[in-house]
>>> print(open('coords.tsv').read())   # TSV, C-alpha atoms
chain	number	residue	atom	x	y	z
B	15	LEU	CA	-39.73	185.06	95.71
B	16	GLU	CA	-38.74	181.90	93.87
B	17	ALA	CA	-35.84	181.22	96.25
B	18	ALA	CA	-38.07	181.81	99.28
B	19	LEU	CA	-40.68	179.43	97.91
B	20	ASP	CA	-38.09	176.75	97.18
B	21	PHE	CA	-36.61	176.92	100.69
B	22	ALA	CA	-40.02	177.01	102.34
B	23	LEU	CA	-41.08	173.89	100.46
B	24	ARG	CA	-37.97	172.20	101.83
B	25	GLY	CA	-39.03	173.00	105.39
B	26	ALA	CA	-36.93	176.06	106.19
B	27	GLN	CA	-38.23	179.08	108.10
B	28	VAL	CA	-38.03	181.92	105.62
B	29	GLU	CA	-38.66	185.64	105.56
B	30	VAL	CA	-38.62	187.87	102.49
B	31	TRP	CA	-37.41	191.43	102.96
B	32	GLU	CA	-38.36	193.80	100.15
B	33	ALA	CA	-37.20	197.43	100.15
B	34	GLN	CA	-40.00	198.54	97.82
B	35	THR	CA	-43.66	198.83	98.79
B	36	HIS	CA	-44.49	195.65	96.85
B	37	ALA	CA	-42.70	192.49	95.78
B	38	GLY	CA	-42.16	191.35	92.21
B	39	GLY	CA	-38.96	193.00	91.02
B	40	LEU	CA	-38.60	193.48	87.27
B	41	ILE	CA	-41.74	191.45	86.60
B	42	GLU	CA	-43.59	194.56	87.78
B	43	LEU	CA	-42.05	196.31	84.76
B	44	ALA	CA	-42.24	193.40	82.34
B	45	LYS	CA	-46.03	193.26	82.69
B	46	LEU	CA	-46.52	196.88	81.58
B	47	PRO	CA	-45.89	196.79	77.79
B	48	PRO	CA	-48.83	195.91	75.51
B	49	HIS	CA	-50.18	192.35	75.82
B	50	LYS	CA	-47.96	191.50	78.83
B	51	ALA	CA	-50.38	191.96	81.73
B	52	VAL	CA	-50.64	188.18	82.08
B	53	LEU	CA	-47.19	188.23	83.74
B	54	GLU	CA	-48.89	189.53	86.87
B	55	ARG	CA	-49.87	185.90	87.48
B	56	LEU	CA	-46.20	185.00	88.04
B	57	ILE	CA	-46.11	187.29	91.05
B	58	ALA	CA	-49.60	186.49	92.30
B	59	TYR	CA	-48.95	182.73	92.27
B	60	ARG	CA	-45.72	182.97	94.25
B	61	LEU	CA	-47.18	185.37	96.79
B	62	ALA	CA	-50.19	183.11	97.26
B	63	MET	CA	-47.95	180.07	97.75
B	64	LEU	CA	-45.75	181.91	100.25
B	65	GLU	CA	-48.82	183.00	102.22
B	66	GLN	CA	-50.09	179.43	102.24
B	67	LEU	CA	-46.72	178.24	103.59
B	68	GLY	CA	-46.70	180.94	106.27
B	69	VAL	CA	-43.76	182.89	104.82
B	70	PRO	CA	-43.94	186.60	105.71
B	71	VAL	CA	-43.14	189.03	102.91
B	72	ARG	CA	-42.07	192.25	104.60
B	73	ASN	CA	-42.43	195.08	102.11
B	74	GLY	CA	-40.63	198.33	102.83
B	75	ARG	CA	-37.99	196.47	104.85
B	76	HIS	CA	-34.44	197.67	104.23
B	77	ALA	CA	-31.60	195.30	105.08
B	78	ASP	CA	-28.52	196.61	106.85
B	79	VAL	CA	-25.85	195.18	109.12
B	80	GLU	CA	-27.83	195.77	112.31
B	81	SER	CA	-31.15	194.37	111.10
B	82	ILE	CA	-29.59	191.25	109.60
B	83	ALA	CA	-27.49	190.62	112.69
B	84	ALA	CA	-30.57	191.01	114.91
B	85	PHE	CA	-32.50	188.52	112.80
B	86	ALA	CA	-29.58	186.07	113.11
B	87	PRO	CA	-30.20	183.99	109.98
B	88	ARG	CA	-28.20	180.92	109.11
B	89	LEU	CA	-28.38	181.89	105.43
B	90	VAL	CA	-28.85	185.19	103.59
B	91	ILE	CA	-29.86	185.04	99.93
B	92	LEU	CA	-28.94	188.20	98.05
B	93	ALA	CA	-31.64	188.81	95.44
B	94	THR	CA	-31.53	192.58	95.09
B	95	GLY	CA	-31.71	192.42	91.30
B	96	SER	CA	-30.03	194.80	88.91
B	97	LYS	CA	-29.93	198.43	87.84
B	98	PRO	CA	-29.86	200.01	84.36
B	99	ALA	CA	-26.38	200.06	82.86
B	100	MET	CA	-24.95	203.50	82.11
B	101	PRO	CA	-22.44	203.55	79.21
B	102	PRO	CA	-19.88	206.38	78.91
B	103	ILE	CA	-21.79	208.51	76.41
B	104	ASP	CA	-21.86	212.28	76.72
B	105	GLY	CA	-25.25	213.62	77.77
B	106	LEU	CA	-26.82	210.45	79.14
B	107	ARG	CA	-27.22	212.01	82.57
B	108	ASP	CA	-29.55	214.66	81.20
B	109	SER	CA	-32.85	214.43	83.07
B	110	ARG	CA	-34.64	213.96	79.74
B	111	VAL	CA	-32.86	210.62	79.28
B	112	MET	CA	-34.81	208.04	81.27
B	113	ALA	CA	-34.12	204.38	81.96
B	114	VAL	CA	-36.70	201.83	80.86
B	115	ASP	CA	-37.35	201.09	84.54
B	116	ASP	CA	-38.52	204.69	85.04
B	117	VAL	CA	-40.40	205.09	81.75
B	118	LEU	CA	-42.68	202.06	81.65
B	119	PRO	CA	-44.60	202.90	84.87
B	120	LYS	CA	-45.43	206.43	83.63
B	121	LEU	CA	-45.66	206.33	79.85
B	122	ASP	CA	-48.57	208.74	79.86
B	123	ALA	CA	-46.30	211.44	81.33
B	124	ILE	CA	-43.60	211.29	78.63
B	125	GLY	CA	-44.76	214.61	77.16
B	126	ALA	CA	-42.93	214.24	73.83
B	127	LYS	CA	-44.01	213.65	70.24
B	128	ARG	CA	-40.81	211.80	69.32
B	129	CYS	CA	-38.67	209.60	71.55
B	130	ALA	CA	-35.37	207.82	70.88
B	131	VAL	CA	-35.01	204.34	72.36
B	132	LEU	CA	-31.34	203.53	72.89
B	133	GLY	CA	-31.07	199.76	72.66
B	134	GLY	CA	-32.95	197.23	70.55
B	135	GLY	CA	-33.20	194.25	72.89
B	136	LEU	CA	-36.45	192.91	74.28
B	137	ALA	CA	-36.96	195.77	76.75
B	138	GLY	CA	-36.16	198.41	74.12
B	139	LEU	CA	-38.53	196.93	71.54
B	140	GLU	CA	-41.37	196.54	74.02
B	141	THR	CA	-40.87	200.09	75.28
B	142	ALA	CA	-41.00	201.36	71.69
B	143	ASP	CA	-44.17	199.30	71.24
B	144	ALA	CA	-45.72	200.93	74.30
B	145	LEU	CA	-44.73	204.41	73.08
B	146	CYS	CA	-46.24	203.80	69.64
B	147	ALA	CA	-49.46	202.58	71.26
B	148	ARG	CA	-49.73	206.03	72.86
B	149	GLY	CA	-49.15	207.87	69.60
B	150	ILE	CA	-45.50	208.77	70.30
B	151	GLN	CA	-43.07	208.44	67.40
B	152	ALA	CA	-40.41	205.97	68.52
B	153	GLU	CA	-37.02	205.46	66.90
B	154	VAL	CA	-34.90	202.53	68.08
B	155	PHE	CA	-31.08	202.58	67.92
B	156	GLU	CA	-29.18	199.29	68.08
B	157	MET	CA	-25.43	198.77	67.63
B	158	ALA	CA	-25.84	195.20	66.36
B	159	ASP	CA	-26.93	194.35	62.83
B	160	THR	CA	-30.34	193.23	64.04
B	161	VAL	CA	-32.74	193.93	66.89
B	162	GLY	CA	-34.29	191.48	69.28
B	163	THR	CA	-31.30	189.16	69.40
B	164	GLY	CA	-32.11	186.00	71.33
B	165	LEU	CA	-35.88	186.43	71.16
B	166	PRO	CA	-37.92	183.46	69.92
B	167	ALA	CA	-38.95	184.05	66.30
B	168	THR	CA	-42.69	183.98	67.03
B	169	ARG	CA	-42.48	186.47	69.89
B	170	LYS	CA	-40.18	188.76	67.93
B	171	GLY	CA	-42.53	188.58	64.95
B	172	PHE	CA	-45.52	189.80	66.96
B	173	VAL	CA	-43.56	192.74	68.40
B	174	MET	CA	-42.07	193.73	65.03
B	175	ASP	CA	-45.50	193.63	63.38
B	176	ARG	CA	-46.86	196.04	65.98
B	177	LEU	CA	-43.82	198.33	65.66
B	178	ASN	CA	-44.18	198.47	61.89
B	179	ALA	CA	-47.89	199.21	62.21
B	180	GLY	CA	-47.09	201.96	64.72
B	181	GLY	CA	-44.60	203.66	62.40
B	182	CYS	CA	-41.54	202.89	64.52
B	183	VAL	CA	-38.19	203.56	62.81
B	184	ILE	CA	-35.37	201.12	63.62
B	185	HIS	CA	-31.70	201.97	63.11
B	186	THR	CA	-29.36	198.96	63.21
B	187	GLY	CA	-25.58	199.20	63.20
B	188	ALA	CA	-26.03	202.59	64.85
B	189	ARG	CA	-23.75	203.83	67.64
B	190	ILE	CA	-24.88	206.76	69.80
B	191	GLN	CA	-22.12	209.37	70.01
B	192	HIS	CA	-23.69	212.02	72.23
B	193	VAL	CA	-26.98	213.34	73.56
B	194	ALA	CA	-27.47	217.10	73.34
B	195	PHE	CA	-31.16	217.87	73.19
B	196	PRO	CA	-32.90	218.73	70.98
B	197	MET	CA	-30.50	216.51	68.96
B	198	ILE	CA	-28.99	213.05	69.39
B	199	GLY	CA	-25.85	212.32	67.41
B	200	TYR	CA	-25.13	208.82	66.13
B	201	GLU	CA	-22.83	207.03	63.70
B	202	GLN	CA	-24.12	204.59	61.10
B	203	ASP	CA	-22.34	203.10	58.09
B	204	GLY	CA	-19.32	205.29	58.75
B	205	GLN	CA	-21.34	208.51	58.61
B	206	THR	CA	-22.48	210.85	61.36
B	207	HIS	CA	-26.17	211.64	61.68
B	208	ALA	CA	-28.44	213.56	64.03
B	209	LEU	CA	-31.97	212.91	65.20
B	210	ALA	CA	-34.20	215.72	66.43
B	211	CYS	CA	-36.08	214.68	69.57
B	212	THR	CA	-36.73	215.87	73.11
B	213	ARG	CA	-36.75	212.56	75.01
B	214	ALA	CA	-34.67	209.39	75.09
B	215	VAL	CA	-35.10	206.04	76.79
B	216	LEU	CA	-32.01	204.09	77.83
B	217	SER	CA	-32.37	200.35	77.32
B	218	ILE	CA	-28.95	198.75	76.91
B	219	GLY	CA	-29.16	196.18	79.68
B	220	HIS	CA	-28.61	195.98	83.43
B	221	SER	CA	-25.72	195.57	85.82
B	222	ALA	CA	-25.72	193.90	89.24
B	223	ARG	CA	-27.14	195.86	92.14
B	224	ASP	CA	-24.87	195.07	95.10
B	225	THR	CA	-26.66	196.64	98.06
B	226	CYS	CA	-25.95	194.11	100.79
B	227	PRO	CA	-23.13	194.43	103.36
B	228	PRO	CA	-20.28	191.87	103.20
B	229	PRO	CA	-21.28	188.54	104.78
B	230	ASN	CA	-18.55	188.66	107.44
B	231	THR	CA	-20.16	191.76	108.96
B	232	TYR	CA	-23.26	189.90	110.15
B	233	ALA	CA	-22.48	186.17	109.94
B	234	ARG	CA	-23.04	184.25	113.15
B	235	PRO	CA	-20.59	181.54	114.20
B	236	ALA	CA	-21.42	177.96	113.29
B	237	GLU	CA	-22.80	176.05	116.24
B	238	SER	CA	-21.47	172.71	117.39
B	239	GLY	CA	-23.26	169.95	115.51
B	240	SER	CA	-24.97	172.49	113.26
B	241	GLU	CA	-24.52	170.21	110.28
B	242	ASN	CA	-27.28	168.03	111.77
B	243	VAL	CA	-29.76	170.84	112.39
B	244	SER	CA	-33.15	170.35	110.74
B	245	PRO	CA	-33.91	172.99	108.06
B	246	SER	CA	-37.21	173.77	109.79
B	247	SER	CA	-35.35	175.11	112.83
B	248	GLU	CA	-33.26	177.64	110.94
B	249	HIS	CA	-34.02	180.98	109.33
B	250	ALA	CA	-33.15	181.64	105.71
>>> encode(input="coords.tsv", output="structure tokens")
Amino acid sequence: LEAALDFALRGAQVEVWEAQTHAGGLIELAKLPPHKAVLERLIAYRLAMLEQLGVPVRNGRHADVESIAAFAPRLVILATGSKPAMPPIDGLRDSRVMAVDDVLPKLDAIGAKRCAVLGGGLAGLETADALCARGIQAEVFEMADTVGTGLPATRKGFVMDRLNAGGCVIHTGARIQHVAFPMIGYEQDGQTHALACTRAVLSIGHSARDTCPPPNTYARPAESGSENVSPSSEHA
């Protein structure tokens, strides 16, 4: 949305194609933890600006070689986001291990009294916060010596205060060895431990989501004198 807005403000003809039923990407998830609903304004503002500039946002539109070639754009901006990273840990593909992206929209359907959160970054801490707010015992596992690395001190302080009040247990310097419900095995301080739980949330970051065909499969040839074409006459 930001790229589309920037190009539209520069006079280009732009269309946004979104495979999902609504635009917003990970902001749609980021607004779900406690006290984060204000992030909805980030999406609403950009959508309102795009509408004002006459930029169509086509939800449910999947891009493939044929559709891009038919549209004949001069420029394609790949902004398909990322997907949850999947480390090589035994048992992570169990259906009871869910990525943060899948958990946050349906926290009320977790159906567990205790849940392990694998990863203590921002997303992991805020997911644990959301679980605690619903009365679910959350335990966070982080390989580093501290959680919330890179978070501003004030923001981290608010989240940690809520986690402490909610009874969240945080394990630092802990490496998950395997997931075999109803137990999760982990190593900490050179010793092996096990946590009894029936659900786990995976929150160890994201990797690039490359869903677009190679550019040479739909690129159109440069036209003579195209370097002098006005941006307003070209699609982005």
>>> atom_distance(input="coords.tsv", atom1="CA of Glu201 in chain B", atom2="CA of Leu118 in chain B")
27.2 Å
>>> residues_near_point(input="coords.tsv", point="(-40.8, 192.8, 66.8)", cutoff="10 Å", atoms="only C-alpha atoms", output="list in words")
Gly134, Gly135, Leu136, Leu139, Glu140, Ala142, Asp143, Val161, Gly162, Leu165, Ala167, Thr168, Arg169, Lys170, Gly171, Phe172, Val173, Met174, Asp175, Arg176, Leu177 and Asn178 of chain B
>>> closest_residue(input="coords.tsv", among="B:Lys45, B:Arg55, B:Arg107, B:His76", to="Pro119 in chain B", atoms="all atoms listed in the file")
B:Lys45
>>> closest_residue(input="coords.tsv", among="B:Val114, B:Ala26, B:Ala194, B:Leu106", to="Pro87 in chain B", atoms="all atoms listed in the file")
B:Ala26
>>> atom_distance(input="coords.tsv", atom1="CA of Gln205 in chain B", atom2="CA of Cys129 in chain B")
21.7 Å
>>> axis_aligned_box(input="coords.tsv", around="range 74-78 of chain B", padding_each_side="4 Å", output="AutoDock Vina command-line options")
--center_x -34.6 --center_y 196.8 --center_z 104.8 --size_x 20.1 --size_y 11.0 --size_z 12.0
>>> closest_residue(input="coords.tsv", among="B:Leu15, B:Ala126, B:Ala144, B:Leu40", to="Ala210 in chain B", atoms="all atoms listed in the file")
B:Ala126
>>> residues_near_point(input="coords.tsv", point="(-33.8, 216.6, 67.7)", cutoff="10 Å", atoms="only C-alpha atoms", output="list in words")
Arg128, Cys129, Ala130, Val193, Ala194, Phe195, Pro196, Met197, Ile198, Gly199, Ala208, Leu209, Ala210, Cys211, Thr212 and Arg213 of chain B
>>> closest_residue(input="coords.tsv", among="B:Ile184, B:Ala137, B:Ser217, B:Leu121", to="Lys50 in chain B", atoms="only C-alpha atoms")
B:Ala137
>>> closest_residue(input="coords.tsv", among="B:Leu92, B:Leu64, B:Leu132, B:Met100", to="Ala188 in chain B", atoms="all atoms listed in the file")
B:Leu132
>>> closest_residue(input="coords.tsv", among="B:Gly68, B:Gly133, B:Gly164, B:Gly125", to="Ile190 in chain B", atoms="only C-alpha atoms")
B:Gly133
>>> decode(input="coords.tsv", residues="range 112-148 of chain B", atoms="N, CA and C atoms", output="compact mmCIF listing (two decimals), in the first residue's frame")
# COMPACT_ATOMS: atom_id res chain seq x y z
N MET B 112 1.12 -24.01 16.10
CA MET B 112 0.55 -23.01 15.20
C MET B 112 1.47 -21.81 15.10
N ALA B 113 1.55 -21.23 13.91
CA ALA B 113 2.31 -20.01 13.73
C ALA B 113 1.54 -18.83 14.31
N VAL B 114 2.28 -17.80 14.71
CA VAL B 114 1.65 -16.60 15.25
C VAL B 114 0.58 -16.07 14.29
N ASP B 115 0.88 -16.13 13.00
CA ASP B 115 -0.05 -15.61 11.99
C ASP B 115 -1.40 -16.31 12.05
N ASP B 116 -1.41 -17.58 12.47
CA ASP B 116 -2.66 -18.34 12.54
C ASP B 116 -3.33 -18.23 13.91
N VAL B 117 -2.53 -17.95 14.94
CA VAL B 117 -3.07 -17.93 16.30
C VAL B 117 -3.78 -16.62 16.62
N LEU B 118 -3.16 -15.50 16.32
CA LEU B 118 -3.70 -14.21 16.73
C LEU B 118 -5.13 -13.97 16.25
N PRO B 119 -5.52 -14.36 15.02
CA PRO B 119 -6.90 -14.10 14.60
C PRO B 119 -7.94 -14.98 15.31
N LYS B 120 -7.53 -16.05 15.98
CA LYS B 120 -8.51 -16.95 16.61
C LYS B 120 -8.02 -17.41 17.97
N LEU B 121 -7.65 -16.47 18.81
CA LEU B 121 -7.16 -16.79 20.15
C LEU B 121 -8.22 -17.48 20.99
N ASP B 122 -9.47 -17.13 20.77
CA ASP B 122 -10.54 -17.71 21.58
C ASP B 122 -10.76 -19.19 21.29
N ALA B 123 -10.15 -19.70 20.21
CA ALA B 123 -10.33 -21.11 19.84
C ALA B 123 -9.11 -21.96 20.19
N ILE B 124 -8.19 -21.43 20.99
CA ILE B 124 -6.97 -22.17 21.33
C ILE B 124 -7.31 -23.49 22.03
N GLY B 125 -8.23 -23.46 22.96
CA GLY B 125 -8.68 -24.68 23.63
C GLY B 125 -7.61 -25.36 24.45
N ALA B 126 -6.76 -24.60 25.13
CA ALA B 126 -5.71 -25.17 25.97
C ALA B 126 -5.54 -24.31 27.21
N LYS B 127 -5.17 -24.96 28.32
CA LYS B 127 -4.94 -24.21 29.56
C LYS B 127 -3.51 -23.69 29.64
N ARG B 128 -2.59 -24.37 28.96
CA ARG B 128 -1.19 -23.94 28.95
C ARG B 128 -0.67 -23.99 27.52
N CYS B 129 0.08 -22.96 27.14
CA CYS B 129 0.57 -22.86 25.77
C CYS B 129 2.03 -22.40 25.80
N ALA B 130 2.89 -23.09 25.04
CA ALA B 130 4.28 -22.69 24.92
C ALA B 130 4.42 -21.75 23.73
N VAL B 131 5.12 -20.64 23.94
CA VAL B 131 5.39 -19.69 22.86
C VAL B 131 6.87 -19.81 22.52
N LEU B 132 7.16 -20.28 21.33
CA LEU B 132 8.54 -20.54 20.92
C LEU B 132 9.09 -19.32 20.21
N GLY B 133 9.81 -18.50 20.95
CA GLY B 133 10.36 -17.26 20.42
C GLY B 133 9.96 -16.09 21.29
N GLY B 134 10.95 -15.31 21.72
CA GLY B 134 10.67 -14.20 22.63
C GLY B 134 10.91 -12.83 22.03
N GLY B 135 10.67 -12.69 20.72
CA GLY B 135 10.73 -11.38 20.09
C GLY B 135 9.43 -10.63 20.32
N LEU B 136 9.25 -9.55 19.59
CA LEU B 136 8.03 -8.74 19.77
C LEU B 136 6.77 -9.56 19.56
N ALA B 137 6.70 -10.30 18.46
CA ALA B 137 5.49 -11.07 18.15
C ALA B 137 5.23 -12.13 19.22
N GLY B 138 6.30 -12.80 19.68
CA GLY B 138 6.13 -13.83 20.70
C GLY B 138 5.63 -13.25 22.01
N LEU B 139 6.20 -12.12 22.42
CA LEU B 139 5.79 -11.51 23.68
C LEU B 139 4.35 -11.00 23.60
N GLU B 140 3.98 -10.40 22.48
CA GLU B 140 2.62 -9.89 22.37
C GLU B 140 1.60 -11.01 22.25
N THR B 141 2.00 -12.13 21.65
CA THR B 141 1.11 -13.29 21.60
C THR B 141 0.92 -13.86 23.00
N ALA B 142 2.01 -13.96 23.77
CA ALA B 142 1.90 -14.42 25.15
C ALA B 142 1.01 -13.48 25.96
N ASP B 143 1.13 -12.19 25.71
CA ASP B 143 0.29 -11.20 26.39
C ASP B 143 -1.18 -11.45 26.07
N ALA B 144 -1.47 -11.71 24.80
CA ALA B 144 -2.86 -11.97 24.39
C ALA B 144 -3.39 -13.26 25.01
N LEU B 145 -2.54 -14.28 25.09
CA LEU B 145 -2.95 -15.54 25.72
C LEU B 145 -3.27 -15.34 27.20
N CYS B 146 -2.38 -14.62 27.90
CA CYS B 146 -2.59 -14.38 29.32
C CYS B 146 -3.89 -13.60 29.56
N ALA B 147 -4.18 -12.67 28.66
CA ALA B 147 -5.40 -11.87 28.80
C ALA B 147 -6.65 -12.73 28.71
N ARG B 148 -6.51 -13.92 28.11
CA ARG B 148 -7.64 -14.84 27.99
C ARG B 148 -7.57 -15.97 29.00
